[in-house]
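**Q** My structure is stored as data.cif, with mmCIF, C-alpha atoms and all ligand atoms.
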```cif
data_final
#
loop_
_atom_site.label_atom_id
_atom_site.label_comp_id
_atom_site.auth_asym_id
_atom_site.auth_seq_id
_atom_site.Cartn_x
_atom_site.Cartn_y
_atom_site.Cartn_z
CA MET A 1 115.70 -144.85 151.63
CA ILE A 2 116.48 -144.49 155.36
CA LYS A 3 112.84 -144.95 156.35
CA GLU A 4 112.69 -148.10 154.20
CA ASN A 5 115.85 -149.43 155.86
CA ILE A 6 114.54 -148.73 159.37
CA ILE A 7 111.35 -150.65 158.58
CA LYS A 8 113.38 -153.48 157.04
CA ILE A 9 115.45 -153.83 160.22
CA LEU A 10 112.39 -153.58 162.50
CA LYS A 11 110.56 -156.16 160.38
CA GLU A 12 113.51 -158.57 160.58
CA ASN A 13 113.21 -158.22 164.36
CA LYS A 14 109.43 -158.11 164.63
CA ASN A 15 108.20 -158.22 168.25
CA LYS A 16 111.76 -157.69 169.49
CA PHE A 17 113.40 -154.45 170.53
CA VAL A 18 116.13 -152.96 168.38
CA SER A 19 118.22 -150.39 170.21
CA GLY A 20 118.51 -146.85 168.93
CA GLN A 21 122.28 -147.31 168.89
CA GLN A 22 122.02 -150.36 166.61
CA LEU A 23 119.92 -148.35 164.15
CA CYS A 24 122.43 -145.46 164.30
CA ASN A 25 125.32 -147.79 163.58
CA LYS A 26 123.64 -149.72 160.78
CA LEU A 27 122.31 -146.66 159.01
CA ASN A 28 125.09 -144.25 159.88
CA ILE A 29 122.75 -141.58 161.23
CA SER A 30 122.38 -139.75 164.55
CA ARG A 31 120.10 -140.71 167.46
CA THR A 32 118.01 -137.60 166.76
CA ALA A 33 117.61 -138.64 163.12
CA VAL A 34 116.45 -142.13 164.18
CA TRP A 35 113.90 -140.57 166.53
CA LYS A 36 112.66 -138.25 163.76
CA TYR A 37 112.23 -141.11 161.26
CA ILE A 38 110.48 -143.30 163.84
CA ASN A 39 108.01 -140.49 164.50
CA GLU A 40 107.38 -140.12 160.77
CA LEU A 41 106.75 -143.86 160.52
CA LYS A 42 104.30 -143.71 163.43
CA ASN A 43 102.48 -140.91 161.60
CA ASN A 44 102.35 -143.14 158.52
CA GLY A 45 100.45 -145.74 160.56
CA TYR A 46 103.24 -148.04 161.80
CA MET A 47 102.67 -149.20 165.37
CA ILE A 48 106.12 -148.93 166.96
CA GLU A 49 106.75 -149.22 170.68
CA SER A 50 109.56 -146.99 171.94
CA GLN A 51 111.27 -147.68 175.27
CA HIS A 52 113.94 -145.46 176.65
CA LYS A 53 116.34 -148.29 177.53
CA SER A 54 115.43 -151.01 175.02
CA GLY A 55 114.86 -149.05 171.81
CA TYR A 56 112.17 -149.63 169.21
CA MET A 57 109.87 -152.59 168.48
CA LEU A 58 107.57 -152.95 165.48
CA ILE A 59 104.19 -154.20 166.66
CA ASN A 60 102.20 -153.82 163.46
CA GLU A 61 102.47 -152.34 160.01
CA PRO A 62 99.61 -150.46 158.36
CA ASP A 63 97.55 -151.87 155.50
CA ILE A 64 98.90 -149.44 152.94
CA ILE A 65 100.54 -150.06 149.58
CA ASP A 66 103.37 -147.55 149.70
CA TYR A 67 106.88 -148.27 148.40
CA ILE A 68 108.20 -149.44 151.79
CA GLU A 69 105.53 -152.12 151.97
CA ILE A 70 105.57 -153.40 148.40
CA SER A 71 109.28 -153.11 147.53
CA PRO A 72 110.27 -156.36 149.33
CA PHE A 73 108.11 -158.20 146.76
CA LEU A 74 109.03 -156.16 143.66
CA LYS A 75 111.26 -157.89 141.14
CA THR A 76 111.15 -155.43 138.26
CA ASP A 77 113.94 -153.72 136.31
CA PHE A 78 112.25 -150.39 135.82
CA ILE A 79 108.50 -150.44 136.40
CA GLY A 80 107.71 -149.08 139.85
CA LYS A 81 111.27 -147.91 140.59
CA ASN A 82 109.71 -144.48 140.74
CA TYR A 83 106.63 -145.13 142.88
CA ILE A 84 104.27 -142.37 143.98
CA HIS A 85 101.89 -143.31 146.78
CA LEU A 86 99.00 -140.96 147.62
CA GLU A 87 96.39 -141.03 150.38
CA SER A 88 93.63 -139.62 148.23
CA ILE A 89 93.37 -138.21 144.71
CA SER A 90 90.65 -137.52 142.17
CA SER A 91 92.03 -140.10 139.71
CA THR A 92 95.47 -141.71 139.47
CA ASN A 93 95.19 -141.50 135.65
CA ASP A 94 94.61 -137.74 135.89
CA TYR A 95 97.52 -137.31 138.31
CA ALA A 96 99.73 -139.45 136.04
CA LYS A 97 98.77 -137.28 133.05
CA GLU A 98 99.84 -134.14 134.89
CA ILE A 99 103.31 -135.49 135.61
CA ALA A 100 103.78 -137.75 132.58
CA SER A 101 105.86 -135.54 130.33
CA LYS A 102 108.56 -135.19 133.00
CA ALA A 103 108.13 -138.55 134.74
CA GLU A 104 110.52 -141.39 134.06
CA ASN A 105 109.43 -144.42 132.06
CA GLY A 106 107.78 -146.96 134.37
CA THR A 107 106.62 -144.45 137.02
CA ILE A 108 103.71 -145.74 139.07
CA VAL A 109 101.03 -143.66 140.77
CA VAL A 110 98.97 -145.46 143.42
CA SER A 111 96.32 -143.96 145.65
CA GLU A 112 94.55 -145.46 148.65
CA GLU A 113 91.38 -143.71 147.45
CA GLN A 114 90.06 -142.03 144.29
CA THR A 115 87.35 -139.44 144.66
CA SER A 116 86.58 -139.27 140.89
CA GLY A 117 87.91 -142.57 139.57
CA ARG A 118 87.14 -142.90 135.86
CA GLY A 119 86.15 -145.71 133.54
CA ARG A 120 85.85 -145.49 129.77
CA LEU A 121 83.55 -142.99 128.01
CA GLY A 122 83.31 -140.80 131.10
CA ARG A 123 81.90 -143.56 133.28
CA LYS A 124 82.54 -143.56 137.00
CA TRP A 125 84.85 -146.03 138.77
CA VAL A 126 84.06 -146.62 142.45
CA SER A 127 87.38 -146.59 144.36
CA GLU A 128 86.85 -146.99 148.08
CA LYS A 129 89.60 -146.07 150.52
CA GLY A 130 92.10 -148.80 151.41
CA GLN A 131 89.99 -151.55 149.86
CA GLY A 132 91.37 -151.85 146.35
CA LEU A 133 94.25 -151.21 144.04
CA TRP A 134 93.90 -147.93 142.15
CA MET A 135 97.04 -147.59 140.10
CA SER A 136 98.39 -145.96 136.94
CA ILE A 137 101.58 -146.94 135.11
CA ILE A 138 103.30 -144.31 132.96
CA LEU A 139 105.10 -145.78 129.95
CA LYS A 140 107.11 -144.18 127.18
CA PRO A 141 107.33 -146.96 124.65
CA GLU A 142 108.68 -146.69 121.14
CA LEU A 143 105.39 -147.86 119.72
CA THR A 144 102.79 -146.51 117.36
CA PRO A 145 99.49 -145.34 118.86
CA GLN A 146 97.84 -148.34 117.20
CA SER A 147 100.17 -150.77 118.98
CA SER A 148 99.93 -148.96 122.30
CA VAL A 149 96.21 -149.70 122.47
CA LYS A 150 97.21 -153.34 122.96
CA LEU A 151 98.78 -152.46 126.33
CA THR A 152 95.27 -152.86 127.72
CA GLN A 153 95.51 -156.55 126.83
CA VAL A 154 99.02 -156.74 128.31
CA ALA A 155 97.59 -155.37 131.56
CA ALA A 156 94.62 -157.76 131.48
CA VAL A 157 96.86 -160.80 131.08
CA SER A 158 99.10 -159.52 133.91
CA VAL A 159 96.20 -159.03 136.34
CA VAL A 160 94.75 -162.49 135.60
CA ASN A 161 98.15 -164.12 136.13
CA ALA A 162 98.81 -162.15 139.33
CA ILE A 163 95.44 -163.26 140.75
CA ILE A 164 96.21 -166.89 139.90
CA GLU A 165 99.73 -166.62 141.39
CA THR A 166 98.85 -164.88 144.63
CA ILE A 167 95.46 -166.32 145.52
CA GLU A 168 95.01 -169.26 143.17
CA LEU A 169 91.73 -167.90 141.88
CA ASN A 170 90.71 -168.09 138.23
CA ALA A 171 89.66 -164.85 136.63
CA SER A 172 88.65 -164.24 133.02
CA ILE A 173 89.11 -161.38 130.59
CA LYS A 174 86.06 -159.69 129.15
CA TRP A 175 87.38 -158.05 125.99
CA PRO A 176 88.80 -155.48 125.91
CA ASN A 177 89.31 -154.11 129.39
CA ASP A 178 87.53 -155.94 132.19
CA ILE A 179 88.42 -158.85 134.44
CA ILE A 180 85.50 -160.97 135.56
CA ILE A 181 85.07 -163.55 138.32
CA ASN A 182 81.86 -165.60 138.56
CA GLY A 183 80.16 -163.34 136.06
CA LYS A 184 80.94 -160.11 137.94
CA LYS A 185 83.46 -157.37 137.29
CA ILE A 186 86.45 -157.37 139.61
CA CYS A 187 88.83 -155.15 137.66
CA GLY A 188 88.76 -152.51 134.94
CA ILE A 189 91.59 -151.16 132.82
CA LEU A 190 91.71 -147.67 131.33
CA THR A 191 94.54 -147.03 128.86
CA GLU A 192 95.01 -143.43 127.75
CA MET A 193 97.73 -141.91 125.63
CA ASN A 194 99.27 -138.73 124.39
CA ALA A 195 100.45 -139.27 120.84
CA GLU A 196 101.44 -137.75 117.53
CA LEU A 197 100.39 -139.36 114.27
CA ASP A 198 102.93 -142.16 114.29
CA ARG A 199 104.46 -142.18 117.73
CA VAL A 200 103.32 -141.95 121.33
CA ASN A 201 104.70 -139.49 123.84
CA TYR A 202 103.38 -141.47 126.76
CA VAL A 203 100.81 -144.09 127.63
CA ILE A 204 99.01 -144.36 130.96
CA VAL A 205 97.70 -147.76 131.90
CA GLY A 206 95.17 -147.40 134.71
CA ILE A 207 94.22 -150.50 136.66
CA GLY A 208 91.37 -150.61 139.18
CA LEU A 209 91.03 -153.85 141.13
CA ASN A 210 88.47 -154.52 143.87
CA VAL A 211 90.36 -156.29 146.62
CA ASN A 212 88.85 -156.18 150.11
CA MET A 213 85.50 -154.41 149.85
CA ASN A 214 82.62 -156.42 151.25
CA LYS A 215 79.81 -154.53 149.54
CA PHE A 216 79.10 -152.21 146.64
CA PRO A 217 76.61 -149.39 146.02
CA ASP A 218 73.14 -150.62 145.00
CA ASP A 219 73.60 -149.94 141.29
CA LEU A 220 76.73 -152.12 141.22
CA LYS A 221 75.97 -154.91 143.62
CA ASP A 222 74.72 -157.30 140.92
CA LYS A 223 77.61 -156.68 138.56
CA ALA A 224 80.67 -156.00 140.72
CA THR A 225 82.65 -158.24 143.03
CA SER A 226 85.90 -158.21 145.01
CA LEU A 227 88.55 -160.78 145.85
CA PHE A 228 87.30 -160.71 149.45
CA ILE A 229 83.73 -161.50 148.37
CA GLU A 230 84.96 -164.32 146.13
CA THR A 231 87.32 -165.96 148.63
CA GLY A 232 85.85 -164.97 152.01
CA LYS A 233 89.38 -163.96 153.02
CA LYS A 234 91.03 -160.62 153.50
CA ILE A 235 93.69 -160.36 150.79
CA ASP A 236 97.21 -159.00 151.25
CA ARG A 237 97.20 -155.98 148.91
CA LYS A 238 100.99 -155.63 149.16
CA LYS A 239 101.91 -158.97 147.57
CA LEU A 240 99.11 -158.66 145.04
CA THR A 241 100.16 -155.16 143.97
CA ALA A 242 103.78 -156.24 143.57
CA SER A 243 102.71 -159.34 141.65
CA ILE A 244 100.64 -157.26 139.20
CA ILE A 245 103.60 -154.93 138.64
CA ASN A 246 106.01 -157.89 138.23
CA ASN A 247 103.68 -159.60 135.78
CA PHE A 248 103.07 -156.38 133.91
CA GLU A 249 106.78 -155.87 133.32
CA LYS A 250 107.18 -159.51 132.26
CA TYR A 251 104.38 -159.35 129.67
CA TYR A 252 105.40 -155.85 128.56
CA TYR A 253 108.87 -157.17 127.71
CA ILE A 254 107.32 -160.14 125.89
CA PHE A 255 105.10 -157.74 123.93
CA LEU A 256 108.04 -155.50 122.98
CA LYS A 257 110.29 -158.42 122.00
CA GLU A 258 107.90 -160.93 120.45
CA GLY A 259 104.97 -158.77 119.39
CA PHE A 260 101.30 -159.18 120.19
CA GLU A 261 100.92 -162.89 119.32
CA PRO A 262 101.86 -164.36 122.76
CA ILE A 263 99.59 -161.81 124.46
CA ARG A 264 96.77 -162.61 122.02
CA ILE A 265 97.11 -166.33 122.79
CA SER A 266 97.02 -165.65 126.52
CA CYS A 267 93.97 -163.37 126.13
CA LEU A 268 92.17 -166.06 124.15
CA LYS A 269 93.02 -168.65 126.80
CA HIS A 270 91.50 -166.55 129.58
CA SER A 271 88.71 -164.94 127.57
CA VAL A 272 85.12 -165.03 128.75
CA THR A 273 84.02 -163.23 125.58
CA ILE A 274 85.17 -165.69 122.91
CA GLY A 275 82.41 -168.15 122.08
CA SER A 276 79.71 -165.93 123.60
CA GLU A 277 76.75 -164.27 121.93
CA VAL A 278 77.33 -160.55 122.33
CA ARG A 279 75.72 -157.22 121.55
CA VAL A 280 78.09 -154.59 120.18
CA ILE A 281 77.17 -150.96 120.83
CA SER A 282 79.17 -148.36 118.96
CA GLY A 283 77.58 -144.93 119.10
CA LYS A 284 74.20 -145.34 117.40
CA ASN A 285 75.16 -148.64 115.77
CA GLU A 286 74.18 -151.81 117.54
CA PHE A 287 74.31 -155.40 116.39
CA ASN A 288 74.35 -158.94 117.77
CA GLY A 289 76.76 -161.70 116.88
CA LYS A 290 79.07 -164.36 118.21
CA ALA A 291 82.56 -163.37 119.38
CA VAL A 292 84.90 -165.85 117.69
CA ASP A 293 88.45 -164.48 117.81
CA ILE A 294 90.83 -161.65 118.65
CA ASP A 295 92.97 -160.60 115.70
CA ASN A 296 96.57 -159.47 115.61
CA ASP A 297 95.55 -155.83 115.99
CA GLY A 298 93.71 -156.66 119.21
CA ASN A 299 90.29 -156.31 117.53
CA LEU A 300 87.41 -158.55 118.50
CA ILE A 301 86.12 -160.65 115.60
CA ILE A 302 82.34 -161.06 115.55
CA GLU A 303 80.48 -163.51 113.37
CA ILE A 304 77.09 -162.13 112.43
CA GLY A 305 73.92 -163.90 111.30
CA ASP A 306 74.84 -164.30 107.62
CA GLY A 307 78.16 -165.94 108.51
CA SER A 308 80.25 -162.85 107.68
CA ARG A 309 82.78 -161.48 110.16
CA LYS A 310 83.26 -157.98 111.52
CA ALA A 311 86.34 -156.67 113.36
CA VAL A 312 85.47 -154.47 116.31
CA MET A 313 88.07 -152.01 117.60
CA SER A 314 88.34 -151.50 121.32
CA GLY A 315 88.02 -147.70 121.13
CA ASP A 316 84.47 -146.61 121.76
CA VAL A 317 82.45 -149.78 121.79
CA SER A 318 80.60 -151.59 124.52
CA VAL A 319 80.37 -155.33 124.17
CA ARG A 320 77.66 -156.93 126.27
CA GLY A 321 77.21 -160.61 126.71
CA ILE A 322 73.62 -161.41 125.87
CA LEU A 323 73.56 -164.11 128.55
CA GLY A 324 75.37 -162.09 131.24
CA TYR A 325 79.15 -161.73 130.84
P1 LIG B 1 84.46 -149.22 132.14
O1 LIG B 1 83.94 -147.98 131.47
O2 LIG B 1 84.61 -150.44 131.32
O3 LIG B 1 83.59 -149.58 133.41
C1 LIG B 1 82.93 -148.60 134.15
C2 LIG B 1 81.64 -149.21 134.67
O4 LIG B 1 81.94 -150.26 135.60
C3 LIG B 1 80.78 -148.23 135.46
O5 LIG B 1 79.88 -147.57 134.62
C4 LIG B 1 80.06 -149.12 136.47
O6 LIG B 1 78.94 -149.74 135.87
C5 LIG B 1 81.07 -150.22 136.73
N1 LIG B 1 81.90 -149.96 137.92
C6 LIG B 1 82.22 -148.78 138.51
N2 LIG B 1 83.05 -148.97 139.55
C7 LIG B 1 83.25 -150.29 139.64
C8 LIG B 1 84.01 -151.11 140.51
N3 LIG B 1 84.76 -150.62 141.49
N4 LIG B 1 83.96 -152.46 140.29
C9 LIG B 1 83.23 -152.99 139.30
N5 LIG B 1 82.50 -152.27 138.45
C10 LIG B 1 82.51 -150.94 138.62
C11 LIG B 1 86.68 -149.69 133.38
O7 LIG B 1 85.86 -148.79 132.71
C12 LIG B 1 88.05 -149.04 133.62
C13 LIG B 1 88.25 -148.64 135.05
C14 LIG B 1 89.64 -148.15 135.32
C15 LIG B 1 89.81 -147.70 136.73
C16 LIG B 1 91.24 -147.32 137.01
S1 LIG B 1 91.55 -147.11 138.70
C17 LIG B 1 93.08 -146.40 138.38
C18 LIG B 1 92.89 -145.51 137.17
N6 LIG B 1 92.44 -144.19 137.52
C19 LIG B 1 91.22 -143.93 137.04
O8 LIG B 1 90.58 -142.87 137.21
N7 LIG B 1 90.77 -145.00 136.35
C20 LIG B 1 91.75 -146.06 136.33
#
```
Represent the structure contained in this file as structure tokens.

**A**
Amino acid sequence: MIKENIIKILKENKNKFVSGQQLCNKLNISRTAVWKYINELKNNGYMIESQHKSGYMLINEPDIIDYIEISPFLKTDFIGKNYIHLESISSTNDYAKEIASKAENGTIVVSEEQTSGRGRLGRKWVSEKGQGLWMSIILKPELTPQSSVKLTQVAAVSVVNAIIETIELNASIKWPNDIIINGKKICGILTEMNAELDRVNYVIVGIGLNVNMNKFPDDLKDKATSLFIETGKKIDRKKLTASIINNFEKYYYIFLKEGFEPIRISCLKHSVTIGSEVRVISGKNEFNGKAVDIDNDGNLIIEIGDGSRKAVMSGDVSVRGILGY
């Protein structure tokens, strides 16, 4: 808390000196403690000028999404109150799983980089350092496993709304777990849970969003994009991260109070899948059809050639647009 308060005071006085004595008085700590915290902040990447007589001046803050940087924009009741920020980790979902049983509801794990980021079905998720948002939210809802699957849609609606709010860019949802801009994937969602037959112990909602990368590996360059590529501008990851968390809590509450219907309506509104000819791949079974609806269980409804309809569960299927996304 003290480090956060020092940064808050230095930010309020950006490009001006704040004396060591002022910091001592405001925070009720010793001069030595101030000096120690300032050194820690410098090690965390804050550019702070120290002058013997004048005190401390914040010149620049680092482009990191730790709690100090995002908390001024956070408006949540409980999601993100416990916020774990890592420099590098294999996968934030894996880290979240390790701590989930003891972690409080709403704990967030964010890493600047993932070295083995995961998608569904063991696929790889490219997670470059400092260029994206690689985040997992730990939830302990009183929901059945069947209902918890729909948290993927809650996350999708939250990400789309956060992108609209912070950068006024329209993004669409490719059922069940991708966000698409201009036909390319900008975000993927990986929801995993630990559950008994009729109740979940915890759910981990993993969100990977490409923010500021300007290129992708060869195998992805035709199908992946970032907010930087789409806007030509470097995006403030701090506001965007906070906005996704704020929106997630908002839609999570709506889901708990009003059920899936409002989320379903929002998914339909932003869907790139509905109305498209798609190919459904589920293990060895493959078929083509037209995606026409999302039902109240979150299943995708496909109309096949003879006019009959099939409900497709999000679990293990791949849905590919026949004409691109
Ligand atoms: P998915 O299985 O739907 O998509 C994975 C596929 O997406 C890959 O096979 C590849 O073709 C493509 N892909 C890989 N990396 C990227 C990228 N950065 N941008 C666009 N396309 C890409 C989607 O799975 C779910 C991804 C969730 C990622 C988050 S990050 C935080 C959390 N931790 C973790 O390990 N995973 C989640």

**Q** Quick one: residues within 9 Å of A:Asp222, only C-alpha atoms counted, chain neighbours fewer than 4 positions away excluded, as a VMD selection string?

**A** chain A and resid 184 216 218

**Q** Mind writing the picked residues with C-alpha atoms as a PDB file, keeping the file's coordinate frame?

**A**
```
ATOM      1  CA  LYS A 184      80.940-160.110 137.940  1.00  0.00           C
ATOM      2  CA  PHE A 216      79.100-152.210 146.640  1.00  0.00           C
ATOM      3  CA  ASP A 218      73.140-150.620 145.000  1.00  0.00           C
TER       4      ASP A 218
END
```

**Q** Calculate, to one decimal in Å, the centre and edge lengths of the box along x, y and z of the file that holds all listed atoms of ligand LIG 1 (chain B) with 5 Å of margin on each side, and present them as AutoDock Vina command-line options.

**A**
```
--center_x 86.0 --center_y -147.9 --center_z 136.4 --size_x 24.1 --size_y 20.1 --size_z 20.2
```

**Q** Find the residue from A:Leu240, A:Met1, A:Met135, A:Ile163 that sits nearest to ligand LIG 1 (chain B); use all atoms listed in the file when measuring.

**A**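 Residue with the minimum atom-to-atom distance to ligand LIG 1 (chain B): A:Met135.
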
**Q** Compile a residue-level contact table for chain A against ligand LIG 1 (chain B) at a cut-off of 7 Å, reporting for every qualifying residue the shortest atom pair and its distance in Å to one decimal, with all atoms listed in the file counted, rows ordered by chain and ascending number, as a tab-separated table.

**A**
```
residue	atom	partner	partner_atom	distance
A:Ser91	CA	B:LIG1	O8	4.0
A:Thr92	CA	B:LIG1	N6	4.4
A:Asn93	CA	B:LIG1	N6	4.3
A:Asp94	CA	B:LIG1	O8	6.7
A:Ser116	CA	B:LIG1	O8	6.5
A:Gly117	CA	B:LIG1	O8	3.6
A:Arg118	CA	B:LIG1	O8	3.7
A:Gly119	CA	B:LIG1	O7	3.2
A:Arg120	CA	B:LIG1	O1	3.6
A:Leu121	CA	B:LIG1	O1	6.1
A:Arg123	CA	B:LIG1	O5	4.7
A:Lys124	CA	B:LIG1	C3	5.2
A:Trp125	CA	B:LIG1	N2	3.5
A:Val126	CA	B:LIG1	N2	3.9
A:Ser127	CA	B:LIG1	N3	5.6
A:Trp134	CA	B:LIG1	C17	4.2
A:Met135	CA	B:LIG1	C17	4.5
A:Ser136	CA	B:LIG1	C17	5.5
A:Asn177	CA	B:LIG1	O2	6.3
A:Asp178	CA	B:LIG1	O2	6.3
A:Lys185	CA	B:LIG1	C9	4.8
A:Ile186	CA	B:LIG1	C9	5.4
A:Cys187	CA	B:LIG1	N4	6.2
A:Gly188	CA	B:LIG1	C12	3.8
A:Ile189	CA	B:LIG1	C12	4.2
A:Leu190	CA	B:LIG1	C14	4.5
A:Gly206	CA	B:LIG1	C18	3.8
A:Ile207	CA	B:LIG1	C16	4.4
A:Gly208	CA	B:LIG1	S1	3.5
A:Asn210	CA	B:LIG1	N3	5.9
A:Leu220	CA	B:LIG1	O6	6.3
A:Lys223	CA	B:LIG1	N5	6.6
A:Ala224	CA	B:LIG1	C9	4.2
A:Thr225	CA	B:LIG1	C9	6.5
```

**Q** Pick out the closest residue to A:Gly298 from this set: A:Ile6, A:Val34, A:Leu27, A:Ile265. Count all atoms listed in the file.

**A**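 Nearest to A:Gly298: A:Ile265.
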
**Q** Which residues, written as a list in words, have at least one atom at most 10 Å from A:Val203, with only C-alpha atoms counted and residues fewer than 3 positions away on the same chain left out?

**A**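 The residues satisfying every condition are Ala96, Lys97, Ala100, Asn105, Ser136, Ile137, Ile138, Leu139, Lys140, Pro141, Leu143, Pro145, Ser148, Val149, Leu151, Thr191, Glu192, Met193, Asn194, Ala195, Val200 and Gly206 of chain A.
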
**Q** What is the distance between atom CA of A:Gly232 and atom CA of A:Ile244, in Å to one decimal?

**A**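 Value for the atom CA of A:Gly232-atom CA of A:Ile244 distance: 21.0 Å.
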
**Q** May I have the residues within 9 Å of A:Lys11 as an MDAnalysis selection string, using all atoms listed in the file and disregarding those fewer than 3 positions away in the same chain?

**A** chainID A and resid 6:8 14:15 57:58 61

**Q** Go through A:Asn44, A:Ser54, A:Asn246, A:Gln153 and flag the residue nearest A:Pro262, using all atoms listed in the file for the distances.

**A** A:Gln153

**Q** Have a look at A:Leu209, A:Ile59, A:Val312, A:Leu256 and name the one nearest to A:Ile281; count all atoms listed in the file.

**A**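 Among the listed residues, the smallest separation from A:Ile281 belongs to A:Val312.
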
**Q** Any idea what's packed within 8 Å of A:Thr144, counting only C-alpha atoms, ignoring anything in its chain fewer than 2 positions away? Could you give it as a PyMOL selection string?

**A** chain A and resi 142+146-148+198-200

**Q** Generate the coordinates of N, CA and C atoms for stretch 41-62 of chain A; report them as a PDB file, in the coordinates of the input.

**A**
```pdb
ATOM      1  N   LEU A  41     107.346-142.544 160.787  1.00  0.00           N
ATOM      2  CA  LEU A  41     106.750-143.860 160.520  1.00  0.00           C
ATOM      3  C   LEU A  41     105.475-144.054 161.343  1.00  0.00           C
ATOM      4  N   LYS A  42     105.510-143.592 162.592  1.00  0.00           N
ATOM      5  CA  LYS A  42     104.300-143.710 163.430  1.00  0.00           C
ATOM      6  C   LYS A  42     103.166-142.907 162.797  1.00  0.00           C
ATOM      7  N   ASN A  43     103.508-141.721 162.271  1.00  0.00           N
ATOM      8  CA  ASN A  43     102.480-140.910 161.600  1.00  0.00           C
ATOM      9  C   ASN A  43     101.955-141.591 160.350  1.00  0.00           C
ATOM     10  N   ASN A  44     102.804-142.407 159.724  1.00  0.00           N
ATOM     11  CA  ASN A  44     102.350-143.140 158.520  1.00  0.00           C
ATOM     12  C   ASN A  44     101.527-144.374 158.872  1.00  0.00           C
ATOM     13  N   GLY A  45     101.326-144.634 160.171  1.00  0.00           N
ATOM     14  CA  GLY A  45     100.450-145.740 160.560  1.00  0.00           C
ATOM     15  C   GLY A  45     101.183-146.964 161.123  1.00  0.00           C
ATOM     16  N   TYR A  46     102.516-146.898 161.221  1.00  0.00           N
ATOM     17  CA  TYR A  46     103.240-148.040 161.800  1.00  0.00           C
ATOM     18  C   TYR A  46     103.086-147.994 163.321  1.00  0.00           C
ATOM     19  N   MET A  47     102.784-149.159 163.915  1.00  0.00           N
ATOM     20  CA  MET A  47     102.670-149.200 165.370  1.00  0.00           C
ATOM     21  C   MET A  47     104.050-149.617 165.907  1.00  0.00           C
ATOM     22  N   ILE A  48     104.762-148.661 166.489  1.00  0.00           N
ATOM     23  CA  ILE A  48     106.120-148.930 166.960  1.00  0.00           C
ATOM     24  C   ILE A  48     106.187-148.574 168.442  1.00  0.00           C
ATOM     25  N   GLU A  49     106.617-149.516 169.253  1.00  0.00           N
ATOM     26  CA  GLU A  49     106.750-149.220 170.680  1.00  0.00           C
ATOM     27  C   GLU A  49     108.164-148.677 170.925  1.00  0.00           C
ATOM     28  N   SER A  50     108.244-147.559 171.635  1.00  0.00           N
ATOM     29  CA  SER A  50     109.560-146.990 171.940  1.00  0.00           C
ATOM     30  C   SER A  50     109.788-147.109 173.434  1.00  0.00           C
ATOM     31  N   GLN A  51     110.940-147.638 173.839  1.00  0.00           N
ATOM     32  CA  GLN A  51     111.270-147.680 175.270  1.00  0.00           C
ATOM     33  C   GLN A  51     112.652-147.089 175.466  1.00  0.00           C
ATOM     34  N   HIS A  52     112.720-146.218 176.455  1.00  0.00           N
ATOM     35  CA  HIS A  52     113.940-145.460 176.650  1.00  0.00           C
ATOM     36  C   HIS A  52     115.198-146.349 176.649  1.00  0.00           C
ATOM     37  N   LYS A  53     115.127-147.472 177.401  1.00  0.00           N
ATOM     38  CA  LYS A  53     116.340-148.290 177.530  1.00  0.00           C
ATOM     39  C   LYS A  53     116.479-149.327 176.425  1.00  0.00           C
ATOM     40  N   SER A  54     115.347-149.874 175.961  1.00  0.00           N
ATOM     41  CA  SER A  54     115.430-151.010 175.020  1.00  0.00           C
ATOM     42  C   SER A  54     115.451-150.608 173.558  1.00  0.00           C
ATOM     43  N   GLY A  55     114.869-149.473 173.212  1.00  0.00           N
ATOM     44  CA  GLY A  55     114.860-149.050 171.810  1.00  0.00           C
ATOM     45  C   GLY A  55     113.483-149.117 171.190  1.00  0.00           C
ATOM     46  N   TYR A  56     113.420-149.685 169.985  1.00  0.00           N
ATOM     47  CA  TYR A  56     112.170-149.630 169.210  1.00  0.00           C
ATOM     48  C   TYR A  56     111.726-151.037 168.800  1.00  0.00           C
ATOM     49  N   MET A  57     110.397-151.275 168.883  1.00  0.00           N
ATOM     50  CA  MET A  57     109.870-152.590 168.480  1.00  0.00           C
ATOM     51  C   MET A  57     108.662-152.369 167.564  1.00  0.00           C
ATOM     52  N   LEU A  58     108.705-153.048 166.408  1.00  0.00           N
ATOM     53  CA  LEU A  58     107.570-152.950 165.480  1.00  0.00           C
ATOM     54  C   LEU A  58     106.484-153.912 165.935  1.00  0.00           C
ATOM     55  N   ILE A  59     105.300-153.365 166.212  1.00  0.00           N
ATOM     56  CA  ILE A  59     104.190-154.200 166.660  1.00  0.00           C
ATOM     57  C   ILE A  59     103.324-154.563 165.461  1.00  0.00           C
ATOM     58  N   ASN A  60     103.075-153.578 164.609  1.00  0.00           N
ATOM     59  CA  ASN A  60     102.200-153.820 163.460  1.00  0.00           C
ATOM     60  C   ASN A  60     102.451-152.806 162.357  1.00  0.00           C
ATOM     61  N   GLU A  61     102.337-153.283 161.117  1.00  0.00           N
ATOM     62  CA  GLU A  61     102.470-152.340 160.010  1.00  0.00           C
ATOM     63  C   GLU A  61     101.090-152.025 159.447  1.00  0.00           C
ATOM     64  N   PRO A  62     100.928-150.841 158.856  1.00  0.00           N
ATOM     65  CA  PRO A  62      99.610-150.460 158.360  1.00  0.00           C
ATOM     66  C   PRO A  62      99.274-151.190 157.062  1.00  0.00           C
TER      67      PRO A  62
END
```
